[in-house]
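The structure under discussion appears below in the form of C-alpha coordinates.
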Amino acid sequence: MRSIVAEFLEVAALSLDNAMVLERLQGTGRLTTRTARDMRVVGLVARARGIDANARRDAPFAAYAGLQVQVPAYHTGNVWARTMVRLDEARESARQPLVLGQRSLARRGIHAPV
(Lines give C-alpha, C1' and ligand atoms only; values in the text may rest on other atoms or scores of the structure.)
Protein backbone atom coordinates (compact mmCIF):
# COMPACT_ATOMS: atom_id res chain seq x y z
CA MET A 1 0.00 0.00 0.00
CA ARG A 2 2.74 2.45 0.94
CA SER A 3 4.58 1.92 -2.34
CA ILE A 4 1.40 2.57 -4.33
CA VAL A 5 0.83 5.82 -2.43
CA ALA A 6 4.47 6.83 -2.89
CA GLU A 7 4.26 6.22 -6.65
CA PHE A 8 0.97 8.12 -6.87
CA LEU A 9 2.42 11.09 -5.01
CA GLU A 10 5.56 11.01 -7.16
CA VAL A 11 3.47 11.31 -10.33
CA ALA A 12 1.41 14.09 -8.74
CA ALA A 13 4.58 15.96 -7.76
CA LEU A 14 5.90 15.72 -11.31
CA SER A 15 2.67 17.23 -12.60
CA LEU A 16 2.49 19.96 -9.99
CA ASP A 17 6.13 20.93 -10.58
CA ASN A 18 5.29 21.71 -14.22
CA ALA A 19 4.75 25.47 -14.60
CA MET A 20 2.22 25.08 -17.43
CA VAL A 21 0.14 22.58 -15.47
CA LEU A 22 0.29 24.69 -12.33
CA GLU A 23 -0.72 27.83 -14.23
CA ARG A 24 -3.74 26.05 -15.69
CA LEU A 25 -4.79 24.63 -12.33
CA GLN A 26 -4.46 27.91 -10.47
CA GLY A 27 -6.18 30.01 -13.11
CA THR A 28 -9.18 27.79 -13.79
CA GLY A 29 -12.54 27.10 -12.20
CA ARG A 30 -12.44 29.61 -9.35
CA LEU A 31 -15.52 29.34 -7.13
CA THR A 32 -16.32 32.07 -4.62
CA THR A 33 -17.47 31.26 -1.11
CA ARG A 34 -20.81 32.96 -1.77
CA THR A 35 -21.46 30.93 -4.92
CA ALA A 36 -20.37 27.73 -3.18
CA ARG A 37 -22.81 28.37 -0.33
CA ASP A 38 -25.61 29.51 -2.65
CA MET A 39 -25.21 26.36 -4.75
CA ARG A 40 -24.82 24.24 -1.59
CA VAL A 41 -21.76 22.49 -2.96
CA VAL A 42 -20.47 19.54 -0.96
CA GLY A 43 -17.53 17.18 -0.92
CA LEU A 44 -14.33 17.90 -2.76
CA VAL A 45 -15.57 21.17 -4.30
CA ALA A 46 -16.76 22.51 -0.93
CA ARG A 47 -13.49 21.64 0.82
CA ALA A 48 -11.51 23.28 -2.00
CA ARG A 49 -13.45 26.46 -1.17
CA GLY A 50 -12.73 26.16 2.56
CA ILE A 51 -16.07 24.71 3.62
CA ASP A 52 -14.90 22.25 6.27
CA ALA A 53 -17.53 19.49 6.11
CA ASN A 54 -17.09 15.75 5.70
CA ALA A 55 -19.63 12.99 6.37
CA ARG A 56 -16.94 10.50 7.41
CA ARG A 57 -15.90 12.83 10.21
CA ASP A 58 -19.12 14.75 10.95
CA ALA A 59 -21.58 11.80 10.83
CA PRO A 60 -19.34 8.73 11.08
CA PHE A 61 -20.68 5.26 10.41
CA ALA A 62 -19.22 1.74 10.44
CA ALA A 63 -15.42 1.80 10.80
CA TYR A 64 -15.30 5.60 10.45
CA ALA A 65 -16.81 5.95 13.92
CA GLY A 66 -13.52 4.76 15.40
CA LEU A 67 -11.23 6.80 13.17
CA GLN A 68 -10.06 10.35 13.47
CA VAL A 69 -10.57 11.29 9.83
CA GLN A 70 -8.25 14.06 8.69
CA VAL A 71 -10.18 16.36 6.36
CA PRO A 72 -8.23 18.63 4.00
CA ALA A 73 -9.57 22.08 3.18
CA TYR A 74 -8.16 24.80 0.93
CA HIS A 75 -9.46 28.30 0.37
CA THR A 76 -8.76 29.34 -3.21
CA GLY A 77 -11.72 27.47 -4.72
CA ASN A 78 -9.92 26.79 -8.00
CA VAL A 79 -8.93 23.60 -9.82
CA TRP A 80 -5.57 23.61 -8.02
CA ALA A 81 -7.35 23.52 -4.64
CA ARG A 82 -9.60 20.68 -5.84
CA THR A 83 -6.51 18.80 -7.00
CA MET A 84 -4.81 19.31 -3.65
CA VAL A 85 -7.91 18.16 -1.75
CA ARG A 86 -8.01 15.02 -3.89
CA LEU A 87 -4.31 14.32 -3.27
CA ASP A 88 -4.73 14.81 0.48
CA GLU A 89 -7.81 12.57 0.44
CA ALA A 90 -5.80 9.86 -1.35
CA ARG A 91 -3.17 10.03 1.40
CA GLU A 92 -5.88 9.82 4.05
CA SER A 93 -7.61 6.93 2.31
CA ALA A 94 -4.34 5.02 2.27
CA ARG A 95 -3.71 5.79 5.96
CA GLN A 96 -7.07 4.62 7.27
CA PRO A 97 -6.71 0.87 6.56
CA LEU A 98 -3.25 0.97 8.12
CA VAL A 99 -4.67 2.50 11.30
CA LEU A 100 -7.50 -0.04 11.40
CA GLY A 101 -5.02 -2.87 10.82
CA GLN A 102 -2.78 -1.58 13.59
CA ARG A 103 -5.73 -1.43 15.99
CA SER A 104 -6.73 -4.96 15.07
CA LEU A 105 -3.22 -6.20 15.76
CA ALA A 106 -3.04 -4.25 19.03
CA ARG A 107 -6.20 -5.98 20.26
CA ARG A 108 -4.27 -9.23 19.79
CA GLY A 109 -1.28 -7.89 21.71
CA ILE A 110 0.81 -7.19 18.60
CA HIS A 111 2.15 -3.65 18.26
CA ALA A 112 3.36 -2.38 14.89
CA PRO A 113 4.02 1.18 13.68
CA VAL A 114 1.78 2.74 11.02
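Starting from 1 in every chain, residues are counted up; chains themselves are A, B, ... following the order of the C-alpha coordinates, and ligands are numbered from 1 as listed.
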
Can you tell me, as number ranges by chain, which residues in stretch 2-112 of chain A count as alpha helix (DSSP H) by DSSP?
A: 2-16, 19-26, 33-38, 43-48, 55-58, 79-107

When you look at stretch 38-54 of chain A with a cut-off of 8 Å (counting only C-alpha atoms), what residues show up, excluding the ones that are within fewer than 6 positions of it in the same chain? I need them as a list in words.
Leu31, Thr32, Val71, Pro72, Ala73, Tyr74, His75, Thr76, Gly77, Asn78, Ala81, Arg82, Met84, Val85 and Arg86 of chain A

Could you pull the residues within 8 Å of stretch 87-95 of chain A, counting only C-alpha atoms, minus those fewer than 4 positions along the same chain, as a short mmCIF file (atom, residue, chain, number, x, y, z; two decimals) with N, CA and C atoms, in the first residue's frame?
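Printed below is around.cif as written:
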```
data_model
loop_
_atom_site.label_atom_id
_atom_site.label_comp_id
_atom_site.auth_asym_id
_atom_site.auth_seq_id
_atom_site.Cartn_x
_atom_site.Cartn_y
_atom_site.Cartn_z
N MET A 1 0.83 -1.19 0.00
CA MET A 1 0.00 0.00 0.00
C MET A 1 0.87 1.25 0.00
N ARG A 2 1.89 1.26 0.84
CA ARG A 2 2.74 2.45 0.94
C ARG A 2 3.46 2.74 -0.37
N VAL A 5 1.03 4.42 -2.81
CA VAL A 5 0.83 5.82 -2.43
C VAL A 5 2.05 6.64 -2.82
N LEU A 9 1.99 9.76 -5.40
CA LEU A 9 2.42 11.09 -5.01
C LEU A 9 3.60 11.56 -5.85
N ALA A 12 2.07 12.81 -9.03
CA ALA A 12 1.41 14.09 -8.74
C ALA A 12 2.43 15.21 -8.62
N VAL A 69 -10.74 10.99 11.25
CA VAL A 69 -10.57 11.29 9.83
C VAL A 69 -9.99 12.68 9.68
N GLN A 70 -8.88 12.77 8.96
CA GLN A 70 -8.25 14.06 8.69
C GLN A 70 -8.85 14.60 7.39
N VAL A 71 -9.46 15.77 7.49
CA VAL A 71 -10.18 16.36 6.36
C VAL A 71 -9.42 17.56 5.83
N PRO A 72 -8.95 17.48 4.58
CA PRO A 72 -8.23 18.63 4.00
C PRO A 72 -9.20 19.72 3.56
N THR A 83 -7.56 19.80 -6.80
CA THR A 83 -6.51 18.80 -7.00
C THR A 83 -5.82 18.49 -5.69
N VAL A 99 -4.28 2.23 9.91
CA VAL A 99 -4.67 2.50 11.30
C VAL A 99 -5.59 1.40 11.80
#
```

With a distance cut-off of 10 Å and only C-alpha atoms, select the neighbouring residues of A:Gly27, excluding the residue or stretch itself and same-chain residues fewer than 2 positions from it, and output the selection as a short mmCIF file (atom, residue, chain, number, x, y, z; two decimals) with N, CA and C atoms, in the first residue's frame.
```cif
data_model
loop_
_atom_site.label_atom_id
_atom_site.label_comp_id
_atom_site.auth_asym_id
_atom_site.auth_seq_id
_atom_site.Cartn_x
_atom_site.Cartn_y
_atom_site.Cartn_z
N LEU A 22 0.62 23.89 -13.50
CA LEU A 22 0.29 24.69 -12.33
C LEU A 22 -0.47 25.96 -12.70
N GLU A 23 -0.05 26.61 -13.76
CA GLU A 23 -0.72 27.83 -14.23
C GLU A 23 -2.17 27.54 -14.61
N ARG A 24 -2.38 26.43 -15.29
CA ARG A 24 -3.74 26.05 -15.69
C ARG A 24 -4.60 25.72 -14.47
N LEU A 25 -4.03 25.01 -13.51
CA LEU A 25 -4.79 24.63 -12.33
C LEU A 25 -5.16 25.84 -11.48
N GLY A 29 -11.45 27.62 -13.02
CA GLY A 29 -12.54 27.10 -12.20
C GLY A 29 -12.67 27.70 -10.82
N ARG A 30 -12.35 28.97 -10.67
CA ARG A 30 -12.44 29.61 -9.35
C ARG A 30 -13.91 29.72 -8.93
N ASN A 78 -10.22 27.03 -6.59
CA ASN A 78 -9.92 26.79 -8.00
C ASN A 78 -9.58 25.31 -8.24
N VAL A 79 -9.24 24.99 -9.48
CA VAL A 79 -8.93 23.60 -9.82
C VAL A 79 -7.70 23.12 -9.06
N TRP A 80 -6.73 23.99 -8.81
CA TRP A 80 -5.57 23.61 -8.02
C TRP A 80 -6.00 23.14 -6.63
#
```

Could you please determine the separation between atom CA of A:Leu67 and atom CA of A:Gln96 in Å, to one decimal place?
7.5 Å

For A:His111, list every protein, DNA or RNA residue within 8 Å, evaluated using only C-alpha atoms, and leave out those in the same chain fewer than 3 positions away; present the list as a PyMOL selection string.
chain A and resi 102+105-106
